[in-house]
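Student: One file is attached below, target-v9.tsv, containing TSV, N, CA and C atoms and all ligand atoms.
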```
chain	number	residue	atom	x	y	z
T	26	MET	N	22.11	-3.04	-13.44
T	26	MET	CA	21.71	-4.03	-12.45
T	26	MET	C	20.63	-4.93	-13.03
T	27	ALA	N	20.78	-6.22	-12.88
T	27	ALA	CA	19.81	-7.17	-13.42
T	27	ALA	C	18.75	-7.50	-12.38
T	28	TYR	N	17.52	-7.60	-12.83
T	28	TYR	CA	16.45	-8.04	-11.96
T	28	TYR	C	16.44	-9.57	-11.93
T	29	SER	N	16.04	-10.13	-10.79
T	29	SER	CA	15.95	-11.58	-10.69
T	29	SER	C	14.78	-12.07	-11.55
T	30	ASP	N	14.79	-13.36	-11.87
T	30	ASP	CA	13.71	-13.94	-12.68
T	30	ASP	C	12.35	-13.73	-12.02
T	31	LYS	N	12.32	-13.85	-10.69
T	31	LYS	CA	11.03	-13.72	-10.00
T	31	LYS	C	10.50	-12.30	-10.07
T	32	VAL	N	11.42	-11.32	-10.00
T	32	VAL	CA	10.97	-9.93	-10.14
T	32	VAL	C	10.40	-9.72	-11.53
T	33	VAL	N	11.11	-10.22	-12.54
T	33	VAL	CA	10.66	-10.03	-13.92
T	33	VAL	C	9.32	-10.73	-14.12
T	34	ASP	N	9.16	-11.91	-13.55
T	34	ASP	CA	7.90	-12.65	-13.70
T	34	ASP	C	6.73	-11.86	-13.10
T	35	HIS	N	6.91	-11.35	-11.89
T	35	HIS	CA	5.82	-10.58	-11.26
T	35	HIS	C	5.59	-9.26	-11.98
T	36	TYR	N	6.67	-8.70	-12.53
T	36	TYR	CA	6.53	-7.44	-13.26
T	36	TYR	C	5.78	-7.66	-14.57
T	37	GLU	N	6.13	-8.74	-15.25
T	37	GLU	CA	5.50	-9.04	-16.55
T	37	GLU	C	4.07	-9.56	-16.37
T	38	ASN	N	3.87	-10.34	-15.31
T	38	ASN	CA	2.57	-10.95	-15.07
T	38	ASN	C	2.10	-10.63	-13.66
T	39	PRO	N	1.84	-9.36	-13.38
T	39	PRO	CA	1.48	-9.02	-12.01
T	39	PRO	C	0.18	-9.70	-11.60
T	40	ARG	N	0.18	-10.23	-10.36
T	40	ARG	CA	-1.02	-10.90	-9.85
T	40	ARG	C	-1.88	-9.86	-9.14
T	41	ASN	N	-3.18	-9.96	-9.37
T	41	ASN	CA	-4.14	-9.21	-8.54
T	41	ASN	C	-4.04	-7.69	-8.66
T	42	VAL	N	-3.78	-7.20	-9.87
T	42	VAL	CA	-3.82	-5.75	-10.07
T	42	VAL	C	-5.27	-5.30	-10.08
T	43	GLY	N	-5.55	-4.18	-9.44
T	43	GLY	CA	-6.91	-3.65	-9.48
T	43	GLY	C	-7.29	-3.05	-8.16
T	44	LYS	N	-8.58	-2.91	-7.95
T	44	LYS	CA	-9.01	-2.31	-6.69
T	44	LYS	C	-10.39	-2.81	-6.29
T	45	PHE	N	-10.63	-2.72	-4.99
T	45	PHE	CA	-11.96	-2.99	-4.45
T	45	PHE	C	-12.59	-1.65	-4.10
T	46	ASP	N	-13.91	-1.67	-3.95
T	46	ASP	CA	-14.63	-0.49	-3.49
T	46	ASP	C	-14.25	-0.22	-2.03
T	47	ASN	N	-13.64	0.92	-1.79
T	47	ASN	CA	-13.19	1.25	-0.44
T	47	ASN	C	-14.37	1.42	0.53
T	48	GLY	N	-15.57	1.63	-0.01
T	48	GLY	CA	-16.75	1.76	0.83
T	48	GLY	C	-17.24	0.43	1.37
T	49	ASP	N	-16.76	-0.66	0.78
T	49	ASP	CA	-17.13	-2.00	1.25
T	49	ASP	C	-16.55	-2.22	2.65
T	50	GLU	N	-17.39	-2.58	3.60
T	50	GLU	CA	-16.89	-2.69	4.97
T	50	GLU	C	-15.96	-3.88	5.17
T	51	ASP	N	-15.92	-4.80	4.21
T	51	ASP	CA	-15.01	-5.94	4.32
T	51	ASP	C	-13.63	-5.63	3.74
T	52	VAL	N	-13.46	-4.39	3.25
T	52	VAL	CA	-12.21	-4.02	2.57
T	52	VAL	C	-11.35	-3.12	3.46
T	53	GLY	N	-10.05	-3.39	3.49
T	53	GLY	CA	-9.09	-2.51	4.14
T	53	GLY	C	-8.13	-1.99	3.09
T	54	THR	N	-7.84	-0.69	3.13
T	54	THR	CA	-6.98	-0.08	2.11
T	54	THR	C	-5.74	0.53	2.74
T	55	GLY	N	-4.60	0.20	2.21
T	55	GLY	CA	-3.34	0.77	2.69
T	55	GLY	C	-2.64	1.48	1.55
T	56	MET	N	-2.30	2.73	1.79
T	56	MET	CA	-1.59	3.48	0.75
T	56	MET	C	-0.32	4.02	1.38
T	57	VAL	N	0.81	3.67	0.81
T	57	VAL	CA	2.09	4.10	1.38
T	57	VAL	C	3.00	4.63	0.28
T	58	GLY	N	3.91	5.49	0.69
T	58	GLY	CA	4.86	6.05	-0.26
T	58	GLY	C	6.28	5.82	0.22
T	59	ALA	N	7.20	5.74	-0.72
T	59	ALA	CA	8.61	5.55	-0.38
T	59	ALA	C	9.33	6.88	-0.45
T	60	PRO	N	9.77	7.39	0.71
T	60	PRO	CA	10.49	8.67	0.69
T	60	PRO	C	11.74	8.61	-0.18
T	61	ALA	N	12.34	7.42	-0.27
T	61	ALA	CA	13.60	7.30	-1.01
T	61	ALA	C	13.45	7.58	-2.49
T	62	CYS	N	12.25	7.33	-3.03
T	62	CYS	CA	12.14	7.47	-4.48
T	62	CYS	C	10.83	8.08	-4.94
T	63	GLY	N	9.89	8.30	-4.01
T	63	GLY	CA	8.64	8.92	-4.40
T	63	GLY	C	7.61	7.96	-4.96
T	64	ASP	N	7.89	6.66	-4.90
T	64	ASP	CA	6.95	5.69	-5.45
T	64	ASP	C	5.78	5.47	-4.48
T	65	VAL	N	4.66	5.04	-5.04
T	65	VAL	CA	3.44	4.88	-4.25
T	65	VAL	C	2.85	3.48	-4.47
T	66	MET	N	2.42	2.89	-3.38
T	66	MET	CA	1.83	1.55	-3.46
T	66	MET	C	0.49	1.56	-2.73
T	67	LYS	N	-0.54	1.02	-3.40
T	67	LYS	CA	-1.84	0.88	-2.75
T	67	LYS	C	-2.18	-0.60	-2.70
T	68	LEU	N	-2.44	-1.08	-1.49
T	68	LEU	CA	-2.76	-2.49	-1.30
T	68	LEU	C	-4.11	-2.58	-0.60
T	69	GLN	N	-4.97	-3.43	-1.11
T	69	GLN	CA	-6.28	-3.62	-0.49
T	69	GLN	C	-6.50	-5.09	-0.14
T	70	ILE	N	-7.11	-5.30	1.01
T	70	ILE	CA	-7.46	-6.66	1.41
T	70	ILE	C	-8.97	-6.75	1.55
T	71	LYS	N	-9.49	-7.93	1.24
T	71	LYS	CA	-10.92	-8.18	1.42
T	71	LYS	C	-11.04	-9.33	2.41
T	72	VAL	N	-11.70	-9.03	3.52
T	72	VAL	CA	-11.76	-10.00	4.61
T	72	VAL	C	-13.11	-10.69	4.63
T	73	ASN	N	-13.08	-12.00	4.80
T	73	ASN	CA	-14.32	-12.75	4.96
T	73	ASN	C	-14.78	-12.60	6.40
T	74	PRO	N	-15.91	-11.93	6.64
T	74	PRO	CA	-16.32	-11.66	8.02
T	74	PRO	C	-16.60	-12.94	8.80
T	75	ALA	N	-16.97	-14.00	8.11
T	75	ALA	CA	-17.30	-15.25	8.80
T	75	ALA	C	-16.06	-15.93	9.35
T	76	THR	N	-14.98	-15.91	8.58
T	76	THR	CA	-13.76	-16.64	8.98
T	76	THR	C	-12.70	-15.72	9.56
T	77	GLY	N	-12.81	-14.40	9.28
T	77	GLY	CA	-11.78	-13.47	9.71
T	77	GLY	C	-10.51	-13.58	8.88
T	78	LYS	N	-10.59	-14.32	7.78
T	78	LYS	CA	-9.40	-14.47	6.93
T	78	LYS	C	-9.49	-13.59	5.69
T	79	ILE	N	-8.31	-13.23	5.19
T	79	ILE	CA	-8.23	-12.43	3.97
T	79	ILE	C	-8.55	-13.35	2.81
T	80	GLU	N	-9.64	-13.04	2.09
T	80	GLU	CA	-10.02	-13.95	1.00
T	80	GLU	C	-9.55	-13.43	-0.35
T	81	ASP	N	-9.21	-12.15	-0.41
T	81	ASP	CA	-8.73	-11.62	-1.69
T	81	ASP	C	-7.89	-10.37	-1.41
T	82	ALA	N	-7.06	-10.01	-2.37
T	82	ALA	CA	-6.22	-8.83	-2.22
T	82	ALA	C	-5.95	-8.25	-3.61
T	83	LYS	N	-5.83	-6.93	-3.65
T	83	LYS	CA	-5.51	-6.28	-4.92
T	83	LYS	C	-4.51	-5.15	-4.68
T	84	PHE	N	-3.79	-4.78	-5.72
T	84	PHE	CA	-2.82	-3.70	-5.56
T	84	PHE	C	-2.74	-2.84	-6.81
T	85	LYS	N	-2.28	-1.63	-6.58
T	85	LYS	CA	-1.86	-0.75	-7.67
T	85	LYS	C	-0.58	-0.08	-7.20
T	86	THR	N	0.44	-0.17	-7.99
T	86	THR	CA	1.71	0.41	-7.59
T	86	THR	C	2.27	1.28	-8.70
T	87	TYR	N	2.61	2.50	-8.30
T	87	TYR	CA	3.34	3.37	-9.22
T	87	TYR	C	4.78	3.33	-8.77
T	88	GLY	N	5.59	2.59	-9.49
T	88	GLY	CA	6.95	2.47	-9.02
T	88	GLY	C	7.79	1.56	-9.88
T	89	CYS	N	8.91	1.19	-9.34
T	89	CYS	CA	9.88	0.41	-10.08
T	89	CYS	C	9.45	-1.05	-10.15
T	90	GLY	N	10.18	-1.83	-10.90
T	90	GLY	CA	9.88	-3.26	-11.05
T	90	GLY	C	9.87	-3.99	-9.74
T	91	SER	N	10.79	-3.65	-8.85
T	91	SER	CA	10.86	-4.34	-7.56
T	91	SER	C	9.66	-4.02	-6.70
T	92	ALA	N	9.18	-2.77	-6.77
T	92	ALA	CA	8.01	-2.39	-5.99
T	92	ALA	C	6.77	-3.11	-6.52
T	93	ILE	N	6.64	-3.19	-7.83
T	93	ILE	CA	5.51	-3.89	-8.44
T	93	ILE	C	5.57	-5.37	-8.09
T	94	ALA	N	6.76	-5.96	-8.20
T	94	ALA	CA	6.90	-7.37	-7.88
T	94	ALA	C	6.62	-7.63	-6.41
T	95	SER	N	7.08	-6.75	-5.52
T	95	SER	CA	6.85	-6.92	-4.09
T	95	SER	C	5.36	-6.87	-3.77
T	96	SER	N	4.65	-5.92	-4.39
T	96	SER	CA	3.22	-5.82	-4.09
T	96	SER	C	2.46	-7.00	-4.69
T	97	SER	N	2.84	-7.41	-5.89
T	97	SER	CA	2.20	-8.57	-6.51
T	97	SER	C	2.39	-9.81	-5.64
T	98	LEU	N	3.61	-9.99	-5.16
T	98	LEU	CA	3.92	-11.15	-4.32
T	98	LEU	C	3.09	-11.14	-3.03
T	99	VAL	N	3.00	-9.99	-2.35
T	99	VAL	CA	2.29	-10.00	-1.08
T	99	VAL	C	0.78	-10.16	-1.25
T	100	THR	N	0.23	-9.75	-2.41
T	100	THR	CA	-1.21	-10.03	-2.60
T	100	THR	C	-1.43	-11.54	-2.63
T	101	GLU	N	-0.46	-12.29	-3.11
T	101	GLU	CA	-0.59	-13.75	-3.10
T	101	GLU	C	-0.39	-14.28	-1.69
T	102	TRP	N	0.58	-13.74	-0.99
T	102	TRP	CA	0.92	-14.27	0.33
T	102	TRP	C	-0.16	-14.02	1.37
T	103	VAL	N	-0.87	-12.89	1.29
T	103	VAL	CA	-1.84	-12.59	2.35
T	103	VAL	C	-3.13	-13.41	2.23
T	104	LYS	N	-3.39	-13.92	1.04
T	104	LYS	CA	-4.65	-14.66	0.84
T	104	LYS	C	-4.69	-15.90	1.72
T	105	GLY	N	-5.82	-16.07	2.42
T	105	GLY	CA	-5.99	-17.23	3.29
T	105	GLY	C	-5.45	-17.00	4.69
T	106	LYS	N	-4.81	-15.85	4.90
T	106	LYS	CA	-4.24	-15.56	6.22
T	106	LYS	C	-5.22	-14.75	7.07
T	107	THR	N	-5.10	-14.88	8.38
T	107	THR	CA	-5.80	-13.97	9.27
T	107	THR	C	-5.05	-12.64	9.26
T	108	LEU	N	-5.65	-11.61	9.85
T	108	LEU	CA	-4.98	-10.30	9.87
T	108	LEU	C	-3.67	-10.39	10.65
T	109	ASP	N	-3.71	-11.10	11.77
T	109	ASP	CA	-2.48	-11.24	12.57
T	109	ASP	C	-1.39	-11.98	11.80
T	110	GLU	N	-1.80	-13.00	11.07
T	110	GLU	CA	-0.81	-13.75	10.28
T	110	GLU	C	-0.23	-12.86	9.18
T	111	ALA	N	-1.09	-12.07	8.55
T	111	ALA	CA	-0.62	-11.18	7.48
T	111	ALA	C	0.41	-10.19	8.01
T	112	LEU	N	0.21	-9.77	9.27
T	112	LEU	CA	1.14	-8.80	9.87
T	112	LEU	C	2.51	-9.40	10.15
T	113	THR	N	2.63	-10.71	10.09
T	113	THR	CA	3.94	-11.33	10.36
T	113	THR	C	4.82	-11.36	9.10
T	114	ILE	N	4.25	-10.99	7.95
T	114	ILE	CA	5.05	-10.96	6.72
T	114	ILE	C	6.08	-9.84	6.83
T	115	LYS	N	7.33	-10.22	6.67
T	115	LYS	CA	8.43	-9.26	6.84
T	115	LYS	C	9.06	-8.91	5.50
T	116	ASN	N	9.52	-7.69	5.41
T	116	ASN	CA	10.14	-7.26	4.16
T	116	ASN	C	11.35	-8.13	3.81
T	117	THR	N	12.00	-8.67	4.84
T	117	THR	CA	13.17	-9.52	4.57
T	117	THR	C	12.76	-10.79	3.81
T	118	GLN	N	11.55	-11.31	4.12
T	118	GLN	CA	11.07	-12.50	3.40
T	118	GLN	C	10.78	-12.15	1.94
T	119	ILE	N	10.20	-10.97	1.74
T	119	ILE	CA	9.89	-10.52	0.38
T	119	ILE	C	11.19	-10.34	-0.40
T	120	ALA	N	12.15	-9.66	0.22
T	120	ALA	CA	13.43	-9.39	-0.44
T	120	ALA	C	14.15	-10.69	-0.78
T	121	GLU	N	14.02	-11.66	0.14
T	121	GLU	CA	14.68	-12.95	-0.09
T	121	GLU	C	14.01	-13.70	-1.23
T	122	GLU	N	12.67	-13.73	-1.20
T	122	GLU	CA	11.93	-14.46	-2.24
T	122	GLU	C	12.23	-13.89	-3.62
T	123	LEU	N	12.36	-12.57	-3.70
T	123	LEU	CA	12.57	-11.91	-4.99
T	123	LEU	C	14.05	-11.67	-5.30
T	124	ALA	N	14.91	-12.06	-4.35
T	124	ALA	CA	16.35	-11.85	-4.52
T	124	ALA	C	16.67	-10.38	-4.82
T	125	LEU	N	16.08	-9.48	-4.02
T	125	LEU	CA	16.31	-8.06	-4.24
T	125	LEU	C	17.70	-7.65	-3.78
T	126	PRO	N	18.37	-6.83	-4.56
T	126	PRO	CA	19.66	-6.31	-4.14
T	126	PRO	C	19.48	-5.24	-3.06
T	127	PRO	N	20.52	-4.94	-2.29
T	127	PRO	CA	20.40	-3.99	-1.18
T	127	PRO	C	19.75	-2.66	-1.57
T	128	VAL	N	20.04	-2.15	-2.74
T	128	VAL	CA	19.51	-0.84	-3.15
T	128	VAL	C	18.00	-0.89	-3.35
T	129	LYS	N	17.44	-2.11	-3.47
T	129	LYS	CA	15.99	-2.26	-3.69
T	129	LYS	C	15.24	-2.75	-2.45
T	130	ILE	N	15.93	-2.78	-1.33
T	130	ILE	CA	15.27	-3.27	-0.10
T	130	ILE	C	14.11	-2.37	0.28
T	131	HIS	N	14.25	-1.06	0.06
T	131	HIS	CA	13.15	-0.18	0.46
T	131	HIS	C	11.86	-0.50	-0.30
T	132	CYS	N	11.97	-1.09	-1.48
T	132	CYS	CA	10.76	-1.47	-2.23
T	132	CYS	C	9.98	-2.55	-1.48
T	133	SER	N	10.72	-3.49	-0.85
T	133	SER	CA	10.04	-4.55	-0.10
T	133	SER	C	9.48	-4.00	1.21
T	134	ILE	N	10.15	-3.01	1.78
T	134	ILE	CA	9.65	-2.37	3.00
T	134	ILE	C	8.30	-1.69	2.70
T	135	LEU	N	8.21	-1.12	1.51
T	135	LEU	CA	6.96	-0.49	1.08
T	135	LEU	C	5.82	-1.52	1.13
T	136	ALA	N	6.09	-2.72	0.66
T	136	ALA	CA	5.05	-3.76	0.63
T	136	ALA	C	4.66	-4.18	2.04
T	137	GLU	N	5.66	-4.33	2.92
T	137	GLU	CA	5.34	-4.68	4.32
T	137	GLU	C	4.50	-3.57	4.95
T	138	ASP	N	4.89	-2.33	4.72
T	138	ASP	CA	4.14	-1.20	5.28
T	138	ASP	C	2.73	-1.12	4.71
T	139	ALA	N	2.59	-1.49	3.43
T	139	ALA	CA	1.26	-1.44	2.80
T	139	ALA	C	0.32	-2.47	3.43
T	140	ILE	N	0.84	-3.64	3.76
T	140	ILE	CA	0.01	-4.65	4.44
T	140	ILE	C	-0.45	-4.09	5.78
T	141	LYS	N	0.50	-3.53	6.54
T	141	LYS	CA	0.15	-2.99	7.87
T	141	LYS	C	-0.91	-1.90	7.74
T	142	ALA	N	-0.75	-1.03	6.75
T	142	ALA	CA	-1.70	0.07	6.57
T	142	ALA	C	-3.08	-0.46	6.20
T	143	ALA	N	-3.12	-1.50	5.39
T	143	ALA	CA	-4.41	-2.08	4.98
T	143	ALA	C	-5.10	-2.73	6.17
T	144	VAL	N	-4.33	-3.45	6.99
T	144	VAL	CA	-4.89	-4.10	8.18
T	144	VAL	C	-5.38	-3.03	9.16
T	145	ASP	N	-4.58	-1.98	9.36
T	145	ASP	CA	-4.98	-0.88	10.25
T	145	ASP	C	-6.29	-0.26	9.79
T	146	ASP	N	-6.39	-0.04	8.48
T	146	ASP	CA	-7.60	0.58	7.93
T	146	ASP	C	-8.81	-0.32	8.16
T	147	TYR	N	-8.62	-1.61	7.92
T	147	TYR	CA	-9.73	-2.55	8.14
T	147	TYR	C	-10.15	-2.53	9.61
T	148	ARG	N	-9.15	-2.58	10.48
T	148	ARG	CA	-9.46	-2.62	11.92
T	148	ARG	C	-10.11	-1.33	12.39
T	149	ALA	N	-9.68	-0.20	11.83
T	149	ALA	CA	-10.28	1.08	12.20
T	149	ALA	C	-11.75	1.12	11.80
T	150	LYS	N	-12.04	0.52	10.64
T	150	LYS	CA	-13.42	0.48	10.17
T	150	LYS	C	-14.30	-0.35	11.11
T	151	HIS	N	-13.67	-1.35	11.72
T	151	HIS	CA	-14.45	-2.30	12.54
T	151	HIS	C	-14.29	-2.08	14.03
T	152	ALA	N	-13.57	-1.01	14.38
T	152	ALA	CA	-13.41	-0.74	15.80
T	152	ALA	C	-14.77	-0.45	16.41
T	153	THR	N	-15.05	-1.13	17.51
T	153	THR	CA	-16.34	-0.91	18.14
T	153	THR	C	-16.27	0.36	18.98
T	154	THR	N	-17.21	1.21	18.76
T	154	THR	CA	-17.23	2.46	19.52
T	154	THR	C	-17.96	2.23	20.84
T	155	THR	N	-17.28	2.58	21.90
T	155	THR	CA	-17.91	2.43	23.21
T	155	THR	C	-18.59	3.74	23.59
T	156	ALA	N	-19.83	3.62	23.92
T	156	ALA	CA	-20.63	4.81	24.24
T	156	ALA	C	-20.26	5.37	25.58
T	201	LIG	FE1	11.21	5.26	-8.07
T	201	LIG	FE2	12.14	2.93	-8.07
T	201	LIG	S1	13.16	4.72	-7.67
T	201	LIG	S2	10.78	3.74	-9.42
T	202	LIG	FE1	11.56	2.98	-4.91
T	202	LIG	FE2	11.49	0.52	-5.76
T	202	LIG	S1	9.98	1.54	-4.63
T	202	LIG	S2	12.98	1.98	-6.16
```
Represent the supplied structure as structure tokens.

Tutor:
Amino acid sequence: MAYSDKVVDHYENPRNVGKFDNGDEDVGTGMVGAPACGDVMKLQIKVNPATGKIEDAKFKTYGCGSAIASSSLVTEWVKGKTLDEALTIKNTQIAEELALPPVKIHCSILAEDAIKAAVDDYRAKHATTTA
């Protein structure tokens, strides 16, 4: 099976690989695994508290080329978005952008789930506790 040019590009030149300090209160961390293959993706967002927008994102993915490309792509897509906007990113858009074949759709689902997990983590950190 051949990978699309965009998958190869993101695989060869992944954007935003790395990590933020999870102790930073502006950071949300999402870690998800794919039951289908055992691959793991960690996605982190850094939110600007003044604007409420995601100003930076980083990822580390242990997985196939499609999973790496999907996570690289979404770190680019979430930048500049609000949390609600980031949650509208669908795996179908990722799969379409990267021209993923059906057998690799779960890799894009991993990326969508990682965004949700990162947003959830950020929101949990900032949930106001009512006395
Ligand atoms: Fe695990 Fe994709 S099947 S690397
Ligand atoms: Fe399992 Fe891509 S994440 S094959």

Student: Within 6 Å of T:Gly105, counting all atoms listed in the file, which residues qualify if same-chain residues fewer than 5 places away don't, as an mmCIF file with N, CA and C atoms, in the frame of the given file?

Tutor:
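New file selection_10.cif:
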```cif
data_model
loop_
_atom_site.group_PDB
_atom_site.id
_atom_site.type_symbol
_atom_site.label_atom_id
_atom_site.label_comp_id
_atom_site.auth_asym_id
_atom_site.auth_seq_id
_atom_site.Cartn_x
_atom_site.Cartn_y
_atom_site.Cartn_z
ATOM 1 N N LYS T 78 -10.590 -14.320 7.780
ATOM 2 C CA LYS T 78 -9.400 -14.470 6.930
ATOM 3 C C LYS T 78 -9.490 -13.590 5.690
ATOM 4 N N ILE T 79 -8.310 -13.230 5.190
ATOM 5 C CA ILE T 79 -8.230 -12.430 3.970
ATOM 6 C C ILE T 79 -8.550 -13.350 2.810
ATOM 7 N N GLU T 80 -9.640 -13.040 2.090
ATOM 8 C CA GLU T 80 -10.020 -13.950 1.000
ATOM 9 C C GLU T 80 -9.550 -13.430 -0.350
ATOM 10 N N ASP T 81 -9.210 -12.150 -0.410
ATOM 11 C CA ASP T 81 -8.730 -11.620 -1.690
ATOM 12 C C ASP T 81 -7.890 -10.370 -1.410
#
```

Student: Please write as a list in words the list of polymer residues whose atoms come within 6.5 Å of (-4.4, 3.6, 2.1), counting only N, CA and C atoms and keeping to the coordinates of the file.

Tutor: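 Protein and nucleic acid residues near the point are Thr54, Gly55, Met56, Val57, Lys67, Leu68, Ala142 and Ala143 of chain T.
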
Student: Can you list, as a ChimeraX atom specification, every protein, DNA or RNA residue that comes within 6.5 Å of T:Ala82 when you count only N, CA and C atoms, leaving out same-chain residues fewer than 4 positions away?

Tutor: /T:41,69-71,100,104

Student: Could you pull the residues within 12 Å of stretch 116-124 of chain T, counting only C-alpha atoms, minus those fewer than 2 positions along the same chain, as a PyMOL selection string?

Tutor: chain T and resi 27-36+90-102+111-114+126-141

Student: Which parts of stretch 55-117 of chain T does DSSP call strand (DSSP E or B) when run on the backbone here, written out as a PyMOL selection string?

Tutor: chain T and resi 55-58+65-73+78-87+107

Student: Kindly give the distance, in Å, that separates atom C of T:Tyr147 and atom C of T:Asp51, rounded to a single decimal.

Tutor: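 Going from atom C of T:Tyr147 over to atom C of T:Asp51 covers 7.5 Å.
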
Student: Any chance you could tabulate, as CSV, the residues of chain T at most 7 Å from ligand LIG 201 (chain T) with each one's nearest atom pair and distance in Å to one decimal, using only C-alpha atoms and all ligand atoms, in chain and rising number order?

Tutor:
```
residue,atom,partner,partner_atom,distance
T:Cys62,CA,T:LIG201,FE1,4.3
T:Gly63,CA,T:LIG201,FE1,5.8
T:Asp64,CA,T:LIG201,FE1,5.0
T:Gly88,CA,T:LIG201,S2,4.1
T:Cys89,CA,T:LIG201,S2,3.5
```

Student: Looking at only N, CA and C atoms and all ligand atoms, which of T:Ala61, T:Lys44, T:Val72, T:Leu125 is the one that sits closest to ligand LIG 202 (chain T)?

Tutor: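 Among the listed residues, T:Ala61 lies closest to ligand LIG 202 (chain T).
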
Student: Restricting the calculation to only C-alpha atoms and all ligand atoms: of T:Lys85, T:Gly58, T:Thr76, T:His151, which residue gets closest to ligand LIG 202 (chain T)?

Tutor: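 The closest residue to ligand LIG 202 (chain T) is T:Gly58.
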
Student: Quick one: distance from atom CA of T:Val103 to atom CA of T:Val52 in Å, one decimal?

Tutor: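 Interatomic distance, atom CA of T:Val103 to atom CA of T:Val52: 13.5 Å.
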
Student: List every residue of stretch 41-137 of chain T that DSSP, applied to the backbone of this structure, assigns to helix (DSSP H, G or I), and report them as a ChimeraX atom specification.

Tutor: /T:90-103,108-111,116-123,127-137

Student: Counting only C-alpha atoms and all ligand atoms, figure out which residue out of T:Val144, T:Ala75, T:Ala59, T:Ala149 gets nearest to ligand LIG 202 (chain T).

Tutor: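 Among the listed residues, the smallest separation from ligand LIG 202 (chain T) belongs to T:Ala59.
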
Student: Could you check how far atom C of T:Asp146 sits from atom FE2 of ligand LIG 202 (chain T), in Å to one decimal?

Tutor: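 Straight-line distance from atom C of T:Asp146 to atom FE2 of ligand LIG 202 (chain T) works out to 24.6 Å.
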
Student: Given the choices T:Glu110, T:Asp145, T:Val65, T:Lys150, which gets closest to ligand LIG 202 (chain T) if the distance is worked out from only C-alpha atoms and all ligand atoms?

Tutor: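 Smallest separation from ligand LIG 202 (chain T) among the options: T:Val65.
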